[in-house]
Structures are given as C-alpha cells and as structure tokens.
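Visitor: Quick one: the structure is below, and I'll ask about it shortly.
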Amino acid sequence: MTPILDSKIPSGPLADKWERRKFENKLVNPANRRKYEIIIVGTGLAGSSAAAALGEQGYRVKLFCILDSPRRAHSIAAQGGINAAKNYRNDGDSIYRLFYDTVKGGDYRAREANVYRLAQLSVDIIDQCVATGVPFAREYGGLLDNRSFGGAQVSRTFYARGQTGQQLLLGAYQSMLRQVDAGNVTLLPRREMLDLVLVDGQARGIVTRNLISGELERHEGQAVLLCTGGYGTVYYLSTNAVNSNVTAAWRAHKRGALFANPCFTQIHPTCIPVSGDHQSKLTLMSESLRNDGRVWVPKQKADQRPPDQIPESERDYYLERRYPSFGNLVPRDVASRAAKQQSDEGNGVGETGLSVYLDFKDAIERLGIDTIKARYANLFEMYERITAEDPYKVPMRIYPAIHYTMGGLWVDYNLESTIPGLFVMGEANFSDHGANRLGASALMQGLADGYFIAPYTVANYLAGATLPTVASTHDAFNEAVANAQGRIDTVLGIKGTRTVRDFHRQLGHIMWDHVGMARNEAGLREAVQKIRTLRDEFWQDVVVSGDKNNLNPMLDYAGRVADYMEFGELLTRDALHRQESCGGHFREEFQTPDGEALRDDDRYSYVAAWEFTGVGAEPKLHKEPLVFDEVHPSQRSYK
Amino acid sequence: MSGKTITVKLKVWRQPAKDRAGRMVDYVAKDISTEMSFLEMLDVVNEDLIRKGEDAIAFDSDCREGICGACGCVINGVPHGPDPGTTTCQLHMRRFAEGQTITIEPWRAKAFPVLKDLTVDRTSFDRIVAAGGYISAGVGGAQDANNILVPKVLSDEAMDSAACIGCGACVAACKNAAAHLFTGAKVTHLALLPQGEPEREIRAVRMVEQMEAEGFGNCSNEGECEAVCPKLIPISNIAKLVREYTRAVWKSVGAV
C-alpha cells in the first residue's frame with residue numbers, strides 16, 4: 001500500500017490553526033485513559049516531557065531508554081539556550097517574528113503551520129519550565145534574563161549558564177519521575193528498541209533488547225512515540241553522544257514510515273578540531289564565542305609560524321571581509337562553509353591544516369581579561385583541558401563538525417508518521433527546522449512536542465482508532481523477535497577481522513568527504529558505491545566478541561552501525577536527488593557567483609519523503625509540496 | 001599539540017556479570033597518544049581485545065563532554081582520576097607518564113551493584129529523585145514566568161546545586177557509600193526556589209528515607225565527596241540537606 005502524504009494542516013488563518021485543531025480533536029474520558037498503554041522510546045526533552053504530560057493525564061506509559069538513566073539523554077549537552085517569543089525585552093519580538101525568523105533561517109524548507117505553532121508554544125514552555133523549578137538566569141530584580149543568539153535581531157533566548165539543555169532535561173526528568181512516583185509511568189532503562197510491531201497496519205508494540213540480560217522483550221500498546229533523537233553519528237565524529245543512533249527510527253522506516261529530508265544536516269562552525277584517528281567525538285564550543293572572538297587565517301598558504309608571529313597585515317579576517325554587515329556572526333551554515341574553503345585552499349592552521357583561528361586578543365585588550373573570563377571561563381577551561389592550549393594567550397583553533405540533523409521520520413501536523421499510531425517527536429522527526437536550524441530552537445521543539453502537542457494529538461488518535469486487543473504472542477511479535485534474533489546471531493557469527501568501530505570510522509570518512517559540508521554529483525555517486533561496498537564488507541568481515549546473553553556494549557554498537565550502513569545510503573541518495581543548495585545542504589553545482597547557496601524554489605520547494613523498498617534498492621520518493629502563504633521565500637543575504 | 005605517545009600498564013577490574021566473582025586483570029596499552037582522552041585509551045585497548053576474540057571491557061559513557069554523568073571509574077583509587085572538577089571522559093592521557101601503572105575499578109557501593117566490569121547499576125539515584133525530588137506543577141496552566149520573582153543570588157545558588165550530573169562519584173569516594181551530596185544537591189536546588197516551598201518538608205523526608213532504603217550509608221563529614229565531584233558541588237549541600245530534614249521532622253511534631 002502506498003502511504004499517502006496528508007499533512008493534515010488545519011484550515012483557517014495561521015494564528016488560529018492550532019486552536020482549531022485542539023477543538024476538533026477527539027478526547028478520551030479521564031476514566032478511560034488507564035485502559036490505554038502508550039509506549040515512549042527515548043528520554044530526552046521530547047520523550048521525558050511527553051511521558052510527564054501523558055502520565056499526568058492518566059494514561060499508562062512505558063518509557064524506554066538505552067542508557068542506565070533517563071537523565072543521560074543527549075538533550076543534556078545543549079549549551080546555549082531556548083528561544084521564546086516572550087518579548088520581555090520590549091525589543092520588537094513577537095510570535096510572528098519568531099515564526100518568520102525560523103522559516104527564513106530554515107531556508108524556506110519547513111512547513112509554515114508547524115513553525116507557527118512552535119512559536120506560539122514557545123511562550124508556554126518558559127512558563128512551564130519555571131513552574132517546575134528550572135533555574136534560568138535572572139537579573140537582580142528577580143526577573144528572567146535573556147541573551148541574543150545567531151540568526152535573530154532580538155534578545156529572546158532564555159538560558160541557565162552554559163547548561164541550558166541540562167537544566168531543561170532535568171526539569172522534564174523530574175516531572176516524568178513524579179509520574180513514576182504516581183504509578184502512571186513505568187521506567188525501563190537499558191532497553192534498546194530493535195523493531196516496531198505492526199498489526200493491521202497500526203503501530204501496536206515494540207521489541208526491545210534488555211541490554212543487561214540480552215533478553216528480547218515484547219511490549220504491546222495502543223500507540224508508540226519515537227523520541228529517539230537525530231542521526232549525526234552516521235558521520236562517526238560529531239558533537240552527538242557516542243551512543244546516539246538512528247536504529248529505532250530506521251527500524252520504523254523499514255516497517256513503512258517514510259523518512260523525510262535526510263540530507264538536511266547541520267554543521268556547527270565552532271568545534272574543537274580533530275587531533276587524530278583515535279578520536280571518538282567532537283566537542284562543541286558555544287556559538288556565543290563568536291560574539292567576541294575574531295575568525296582568521298594566515299594570508300600565506302601553509303604558513304608554519306605561530307599565530308603571534310604573524311603580523312596583522314598578513315592575516316585574513318575572512319568573515320569580516322566577505323560579510324561586512326554580519327561579520328563573525330553569520331549563521332552556522334555560512335560560517336562553516338567559509339572555514340572549509342579556507343582550509344581547502346591551503347590557508348588552514350594547526351598540524352592537520354584543518355582548522356582556523358578564533359582569536360580573543362582584541363576582545364581581551366578592549367574589555368579586559370576579567371570580562372572575557374566572566375563570559376566564557378567555563379568554555380576556555382574546557383578547551384584547555386582537551387587541547388592543552390590556553391586560549392587567553394593563544395588563539396583557539398576551531399573547525400566545523402556535524403551537530404544536528406533537521407531531517408527525520410516524516411510526520412503530519414499531528415506529529416503522526418505514515419504508520420497509524422506511530423508518533424515521532426523532537427529531533428527524530430523532520431518537522432520544524434527546514435534545511436537549517438537556528439540556535440536555541442532544538443530545545444524549544446523537543447518540549448513543545450512532548451509537553452504540549454502529544455497530549456492532544458495522541459488522545460485524538462486513541463479516541464478515534466479501532467484498536468482490538470493484541471497479545472504479545474501475536475504472529476507479528478513472533479516475526480519481529482525472530483528477525484531481531486536473526487540479526488544478532490548473524491553479526492556474532494561472522495567472526496571476521498575488523499571491529500565495528502573500524503567500520504563506523506570508515507563510513508564516517510565517506511560521509512564527511514562526500515556528503516559533508518559541500519556535495520557534488522560525482523562525489524555523491526561515488527559515496528553510494530563506497531557505502532554499498534563497505535556494507536557488504538561489514539556483513540562478511542566484522543568481528544564482535546562477547547556473548548548475546550550478557551551486557552555487551554559492542555554488540556549493541558554493531559547493531560547501530562549495521563543500520564547506519566543502510567541509512568547512510570538513503571542520506572546520500574537524498575542529497576543526490578536535491579539539485580539545489582539550501583541551508584545545510586550545499587551542492588557545489590548550485591551556487592551564486594560569489595559562492596552562496598542557490599535555492600531552486602520552482603523545482604524543490606517540497607519535502608522529500610522516502611519509502612523503503614529493500615536494502616540496496618532504489619527508495620521511492622514521495623513529495624509533500626510546501627506552500628508559503630505568509631512568508632515570501634527570498635534569498636538569504638548576510639552581506 | 002604534540003605527536004607524543006606513551007605506553008601504560010593497566011590493572012582493570014573484570015567481572016563477567018552481577019553475581020559473579022571479579023578480579024584485577026593486567027593489560028598493556030601501547031603507543032597511546034597523549035592527546036587521547038582516558039576513555040579513548042580504553043577504546044583502543046578494547047579494539048585489541050575484540051580483534052583477539054576476547055570480551056571487551058564494559059564501561060558506561062555517552063556524551064564524552066562531561067555533562068551526561070554516564071561515565072566514571074575509580075582511577076588509581078580516585079573516582080574520575082587525578083584532576084579536580086573533571087569527569088573520566090574529560091581526563092586526558094597527557095596526565096599520565098610513560099610506563100605508569102593505572103588501576104581502574106568500578107564505583108563500589110552496596111547501592112550501586114556491579115553489572116559487568118566497570119559498569120554499575122545506578123537506578124537507585126532515579127528512585128531517590130522519584131521520591132519527591134520534583135515540584136508538583138502539572139503541565140499547562142502555568143502562570144507567566146515573570147510573575148515568580150527569584151532573587152538573582154538565590155537563583156545562582158540553586159543553579160550551583162542543580163549542576164549535579166548524577167554520576168555517583170560522591171558515593172564511590174565515601175567510605176560509608178553515602179549519597180548525601182547527590183540528595184543534598186537536589187533538595188537544596190528545590191528548597192531555595194519559591195516554587196519548591198510548598199513541598200519542602202515532605203520532599204526532604206521522603207528523599208532521605210529513600211536514600212536509606214536503597215542501602216546508601218550515612219554521612220560522617222569526611223568531605224571526600226566534595227573533593228571528587230566533577231562539578232565541584234560543595235559539601236554545604238549536605239548541611240542544607242540535614243537542616244531541611246531536621247526542620248521537616250521538627251515541624252511535623254509541631255516543634256517549629
């Protein structure tokens with residue numbers, strides 16, 4: 001059966017759509033809610049907040065995470081802040097402006113109705129978080145403080161030092177644990193979802209592996225929510241956590257959920273550069289550093305002199321030169337590409353030549369070292385701990401790294417995938433950020449989806465669907481368990497010569513070299529072939545030690561990398577098909593004469609939603625046209 | 001930056017499963033770049049073990065930037081190793097010398113049973129927070145955030161306590177395996193804020209009772225917890241915990 005892409009956007013004026021949908025939605029009587037079991041996979045901002053909200057309403061929730069505690073989810077690592085259209089600064093902010101900035105920042109590849117709802121809900125999120133005790137930064141009068149952030153001309157970002165993600169996640173975690181305390185939420189840590197179970201076309205359960213005992217477990221329910229984050233680790237090195245993976249989303253995709261815009265990946269410009277092959281992850285240095293740091297490279301290629309011996313006249317402050325009005329504060333995609341260009345042309349610095357300087361010397365002279373310390377001390381310390389260089393004396397070296405993935409499972413306005421009863425929330429869905437996400441917007445989306453959208457749209461589904469009883473002994477469960485068991489046995493049985501990490505690292509190299517910051521047709525075609533070859537090698541030559549009936553992190557890792565071997569091909573094919581440049585997707589063939597992204601609205605103003613047709617087979621493209629009633633797409637300019 | 005490499009000798013706690021006996025096993029980590037993090041060094045050791053068909057050393061780790069709290073082992077007798085205010089994932093090999101012997105053990109506490117090798121079960125921490133370590137504010141209907149005034153000094157103090165990453169090093173360092181710093185940090189965070197006031201007493205009592213029920217020991221004021229806390233959370237959080245608990249108990253008998 002061909003899935004139908006019905007975005008289910010409510011009719012009526014943009015500002016009234018969500019109100020209208022909430023009223024149209026069917027409700028579940030409070031006394032009946034306990035009859036429903038809802039499965040939530042993932043405990044980041046989206047998963048924890050959805051569990052808190054649905055548990056509180058009286059549904060029985062089973063909540064799963066792969067780590068030992070729900071508090072470890074990678075939302076915890078977000079540094080900068082969370083946007084909200086509170087206009088506490090009286091500086092011209094509004095729901096409409098946040099909506100407009102987000103649509104523009106996404107390079108006109110997001111759905112207007114979703115983004116508007118996100119901007120509306122941003123206001124409630126801050127109220128909710130403060131009510132639950134999130135210690136946001138405050139002013140001396142006791143009111144909330146705000147900071148400015150990239151891509152906006154207003155101060156609308158709320159923050160908790162450099163640990164906003166941590167504090168928001170702990171707030172949602174605590175609210176969720178309150179429902180555990182009340183008996184509404186059952187927590188199942190160290191469980192990995194290995195398959196989605198469909199009965200009569202509806203999502204009716206999942207198969208998980210107990211990561212301590214190795215046992216395959218069956219969980220049946222009336223709805224499944226995937227809140228499993230993004231797929232940045234397909235590049236091996238990224239700012240994501242080392243256990244972040246695409247497995248749950250990919251298994252759902254193989255069961256029929258369409259995957260949308262996988263080629264929309266975000267590369268963050270200010271990360272600590274790679275120091276060697278041993279490296280397991282890249283560390284982000286907050287975007288806020290670009291407020292005071294100046295980015296430069298030596299004018300002379302392969303200049304080996306230490307930075308303090310390169311005179312002013314022999315330095316190229318290339319962002320200030322190319323983008324005089326935005327300077328060092330151009331958006332993430334623009335800054336990242338410029339750094340890559342400098343390095344590619346031989347002007348990069350450091351041992352590998354793959355980095356540029358971010359220099360605080362002028363700011364220290366102008367503002368004094370104490371001011372710089374007050375603003376950035378924790379970041380400077382983190383940098384020194386990793387590199388053993390003191391950024392107060394030597395310029396930081398930075399390079400772009402994969403940070404966030406805008407693509408994800410396709411969802412309609414209700415955040416329901418093409419499989420009835422399968423909802424997808426947070427970074428795992430494709431919805432709100434188009435082709436590029438603005439800073440401080442990911443946290444906003446995770447909490448909007450979980451706290452404020454799930455309770456309405458999941459209830460509507462449950463109230464309207466026919467859901468006959470399904471036993472865990474159903475054939476669909478048997479098939480899914482046998483399938484998962486088969487993969488585990490196969491991977492353990494190969495006993496080859498190359499480790500999972502070795503394969504993952506090679507896949508990452510292919511992805512970064514050909515499907516990274518700049519892409520072209522020949523490179524993408526080459527990447528598809530290389531991934532296929534590597535996938536074949538993986539299934540012939542991988543070695544996984546240890547056994548399946550015990551805690552075995554390497555076996556867990558093997559399953560995730562095996563899925564990336566399939567997913568990487570889809571990402572690459574999506575990048576190949578989209579013959580335009582937009583946001584994080586830059587095709588070298590499609591650029592303006594001065595090297596900026598060249599969008600093609602006539603041909604590509606749509607969401608590309610891919611249907612799985614078999615491993616290695618050509619996936620089937622479905623298009624959801626994007627309609628812009630409010631914001632007129634124009635070329636982004638930061639000159 | 002330097003291309004320097006070192007070779008170190010490891011003594012690692014290997015334990016196949018929860019109720020099995022464990023022992024220290026010797027390994028040599030050869031040609032380790034001093035740029036590596038401690039966990040990247042263990043990754044390299046594991047790659048060699050896997051290639052030889054041996055079971056890899058199991059350890060928890062996730063963000064590798066010092067914020068998720070997943071990682072942690074006792075390195076040469078000190079939880080998270082020799083650097084103050086540093087998680088295991090942020091410790092780097094340049095901190096070690098050529099030929100040095102490094103002992104690596106899991107957190108040891110009754111309430112943190114070893115699951116395998118360096119991996120322990122810390123779900124007791126989640127159960128402590130579930131025993132009232134929250135504010136009962138339902139979703140929806142919250143008043144405007146700026147209607148609640150919180151003096152900056154209090155808010156900053158609450159943030160200092162809220163910075164806890166729940167890694168468990170405080171318990172591992174304590175000779176009594178007490179969880180007072182962890183519990184105290186959460187009680188303090190919420191007790192300082194006006195939003196946390198209505199449940200202040202019941203929260204302190206329930207969280208302390210849960211802590212004891214989990215098998216954590218008592219506090220005897222050694223300060224080992226503070227010394228190893230990767231987020232430098234001070235022992236004054238324990239004083240606050242004791243004060244909150246005592247106040248709650250006295251209030252319940254009508255003494256205050």
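Ligands are numbered from 1 in the order shown, chains are lettered A, B, ... in the order of the structure tokens, and residues start at 1 in each chain.
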Show me, as a PyMOL selection string, the residues that have an atom within 8 Å of range 71-87 of chain A when counting only C-alpha atoms, minus same-chain residues fewer than 3 positions from it.
Guide: (chain A and resi 42-45+67-68+90-95+97-98+119-120+122-123+125-126+156-170+173+240-241+244+286-288+439-444) or (chain B and resi 62-63+65+67-70)
Visitor: Using only C-alpha atoms, which protein or nucleic acid residues come within 10 Å of range 26-40 of chain A? Drop anything in the same chain fewer than 3 positions from it, and give the result as a PyMOL selection string.
Guide: chain A and resi 21-23+43+46-48+50-51+54-55+57-65+184-187+204-206+219-228+421-424+455-464+467
Visitor: Extract the full set of helix (DSSP H, G or I) residues from range 446-590 of chain A according to DSSP on the backbone, and format it as a ChimeraX atom specification.
Guide: /A:446-464,475-494,500-515,521-541,553-577
Visitor: Please list as a count of residues only every residue within 12 Å of Pro198 in chain B, counting only C-alpha atoms and excluding residues in the same chain fewer than 3 positions away.
Guide: 16
Visitor: Quick one: everything within 8 Å of range 97-110 of chain B, counting only C-alpha atoms, minus sequence neighbours fewer than 3 positions away in the same chain. Send it as a ChimeraX atom specification.
Guide: /B:6-13,72-77,79,94,113-114,117-120,168-169,171-172,177,215-216
Visitor: Could those selected residues go to a file with N, CA and C atoms, as a PDB file, in the first residue's frame?
Guide:
```pdb
ATOM      1  N   ILE B   6      52.721   7.329  24.629  1.00  0.00           N
ATOM      2  CA  ILE B   6      53.238   6.670  25.828  1.00  0.00           C
ATOM      3  C   ILE B   6      52.688   5.248  25.888  1.00  0.00           C
ATOM      4  N   THR B   7      53.339   4.430  26.696  1.00  0.00           N
ATOM      5  CA  THR B   7      52.822   3.091  26.972  1.00  0.00           C
ATOM      6  C   THR B   7      52.536   3.022  28.466  1.00  0.00           C
ATOM      7  N   VAL B   8      51.333   2.555  28.802  1.00  0.00           N
ATOM      8  CA  VAL B   8      50.973   2.464  30.225  1.00  0.00           C
ATOM      9  C   VAL B   8      50.501   1.053  30.544  1.00  0.00           C
ATOM     10  N   LYS B   9      50.669   0.683  31.821  1.00  0.00           N
ATOM     11  CA  LYS B   9      50.217  -0.635  32.278  1.00  0.00           C
ATOM     12  C   LYS B   9      48.898  -0.462  33.004  1.00  0.00           C
ATOM     13  N   LEU B  10      47.942  -1.295  32.657  1.00  0.00           N
ATOM     14  CA  LEU B  10      46.627  -1.175  33.274  1.00  0.00           C
ATOM     15  C   LEU B  10      46.344  -2.374  34.165  1.00  0.00           C
ATOM     16  N   LYS B  11      45.690  -2.106  35.275  1.00  0.00           N
ATOM     17  CA  LYS B  11      45.115  -3.166  36.104  1.00  0.00           C
ATOM     18  C   LYS B  11      43.628  -2.874  36.162  1.00  0.00           C
ATOM     19  N   VAL B  12      42.836  -3.723  35.500  1.00  0.00           N
ATOM     20  CA  VAL B  12      41.418  -3.416  35.312  1.00  0.00           C
ATOM     21  C   VAL B  12      40.554  -4.451  36.017  1.00  0.00           C
ATOM     22  N   TRP B  13      39.506  -3.986  36.699  1.00  0.00           N
ATOM     23  CA  TRP B  13      38.549  -4.894  37.341  1.00  0.00           C
ATOM     24  C   TRP B  13      37.682  -5.562  36.268  1.00  0.00           C
ATOM     25  N   GLY B  72      32.401   6.999  34.497  1.00  0.00           N
ATOM     26  CA  GLY B  72      33.023   7.116  35.796  1.00  0.00           C
ATOM     27  C   GLY B  72      33.642   5.821  36.235  1.00  0.00           C
ATOM     28  N   CYS B  73      34.930   5.862  36.536  1.00  0.00           N
ATOM     29  CA  CYS B  73      35.542   4.727  37.198  1.00  0.00           C
ATOM     30  C   CYS B  73      36.569   5.259  38.185  1.00  0.00           C
ATOM     31  N   VAL B  74      36.979   4.376  39.059  1.00  0.00           N
ATOM     32  CA  VAL B  74      37.957   4.768  40.071  1.00  0.00           C
ATOM     33  C   VAL B  74      39.342   4.539  39.470  1.00  0.00           C
ATOM     34  N   ILE B  75      40.095   5.620  39.325  1.00  0.00           N
ATOM     35  CA  ILE B  75      41.381   5.568  38.643  1.00  0.00           C
ATOM     36  C   ILE B  75      42.477   5.813  39.679  1.00  0.00           C
ATOM     37  N   ASN B  76      43.322   4.819  39.862  1.00  0.00           N
ATOM     38  CA  ASN B  76      44.348   4.890  40.909  1.00  0.00           C
ATOM     39  C   ASN B  76      43.749   5.315  42.250  1.00  0.00           C
ATOM     40  N   GLY B  77      42.603   4.723  42.562  1.00  0.00           N
ATOM     41  CA  GLY B  77      41.984   4.951  43.861  1.00  0.00           C
ATOM     42  C   GLY B  77      41.108   6.178  43.976  1.00  0.00           C
ATOM     43  N   PRO B  79      37.910   8.390  42.368  1.00  0.00           N
ATOM     44  CA  PRO B  79      36.840   8.442  41.375  1.00  0.00           C
ATOM     45  C   PRO B  79      37.091   9.565  40.356  1.00  0.00           C
ATOM     46  N   ARG B  94      47.661  12.856  28.605  1.00  0.00           N
ATOM     47  CA  ARG B  94      48.868  13.632  28.858  1.00  0.00           C
ATOM     48  C   ARG B  94      49.107  13.777  30.364  1.00  0.00           C
ATOM     49  N   PRO B 113      25.231  -1.891  42.573  1.00  0.00           N
ATOM     50  CA  PRO B 113      25.806  -3.201  42.243  1.00  0.00           C
ATOM     51  C   PRO B 113      26.503  -3.200  40.874  1.00  0.00           C
ATOM     52  N   VAL B 114      27.638  -3.904  40.814  1.00  0.00           N
ATOM     53  CA  VAL B 114      28.368  -4.014  39.546  1.00  0.00           C
ATOM     54  C   VAL B 114      27.567  -4.912  38.599  1.00  0.00           C
ATOM     55  N   ASP B 117      32.191  -5.687  34.733  1.00  0.00           N
ATOM     56  CA  ASP B 117      33.439  -4.918  34.686  1.00  0.00           C
ATOM     57  C   ASP B 117      33.307  -3.568  35.412  1.00  0.00           C
ATOM     58  N   LEU B 118      33.333  -2.480  34.615  1.00  0.00           N
ATOM     59  CA  LEU B 118      33.308  -1.141  35.213  1.00  0.00           C
ATOM     60  C   LEU B 118      31.908  -0.538  35.214  1.00  0.00           C
ATOM     61  N   THR B 119      30.925  -1.310  34.783  1.00  0.00           N
ATOM     62  CA  THR B 119      29.551  -0.806  34.670  1.00  0.00           C
ATOM     63  C   THR B 119      28.773  -1.130  35.937  1.00  0.00           C
ATOM     64  N   VAL B 120      28.158  -0.116  36.523  1.00  0.00           N
ATOM     65  CA  VAL B 120      27.370  -0.339  37.737  1.00  0.00           C
ATOM     66  C   VAL B 120      25.921   0.096  37.507  1.00  0.00           C
ATOM     67  N   GLY B 168      27.604   9.737  40.462  1.00  0.00           N
ATOM     68  CA  GLY B 168      27.822   8.792  41.557  1.00  0.00           C
ATOM     69  C   GLY B 168      29.223   8.784  42.135  1.00  0.00           C
ATOM     70  N   ALA B 169      30.088   9.682  41.660  1.00  0.00           N
ATOM     71  CA  ALA B 169      31.458   9.719  42.186  1.00  0.00           C
ATOM     72  C   ALA B 169      31.459   9.999  43.692  1.00  0.00           C
ATOM     73  N   VAL B 171      29.406   9.019  45.926  1.00  0.00           N
ATOM     74  CA  VAL B 171      29.150   7.768  46.640  1.00  0.00           C
ATOM     75  C   VAL B 171      30.403   6.890  46.617  1.00  0.00           C
ATOM     76  N   ALA B 172      31.030   6.822  45.445  1.00  0.00           N
ATOM     77  CA  ALA B 172      32.213   5.971  45.279  1.00  0.00           C
ATOM     78  C   ALA B 172      33.365   6.427  46.169  1.00  0.00           C
ATOM     79  N   ALA B 177      29.816   5.017  51.637  1.00  0.00           N
ATOM     80  CA  ALA B 177      28.980   4.955  50.426  1.00  0.00           C
ATOM     81  C   ALA B 177      27.674   5.722  50.636  1.00  0.00           C
ATOM     82  N   GLY B 215      20.085   1.551  50.617  1.00  0.00           N
ATOM     83  CA  GLY B 215      21.307   0.965  51.151  1.00  0.00           C
ATOM     84  C   GLY B 215      22.516   1.886  51.105  1.00  0.00           C
ATOM     85  N   PHE B 216      22.294   3.176  50.867  1.00  0.00           N
ATOM     86  CA  PHE B 216      23.416   4.111  50.977  1.00  0.00           C
ATOM     87  C   PHE B 216      23.718   4.319  52.461  1.00  0.00           C
TER      88      PHE B 216
END
```
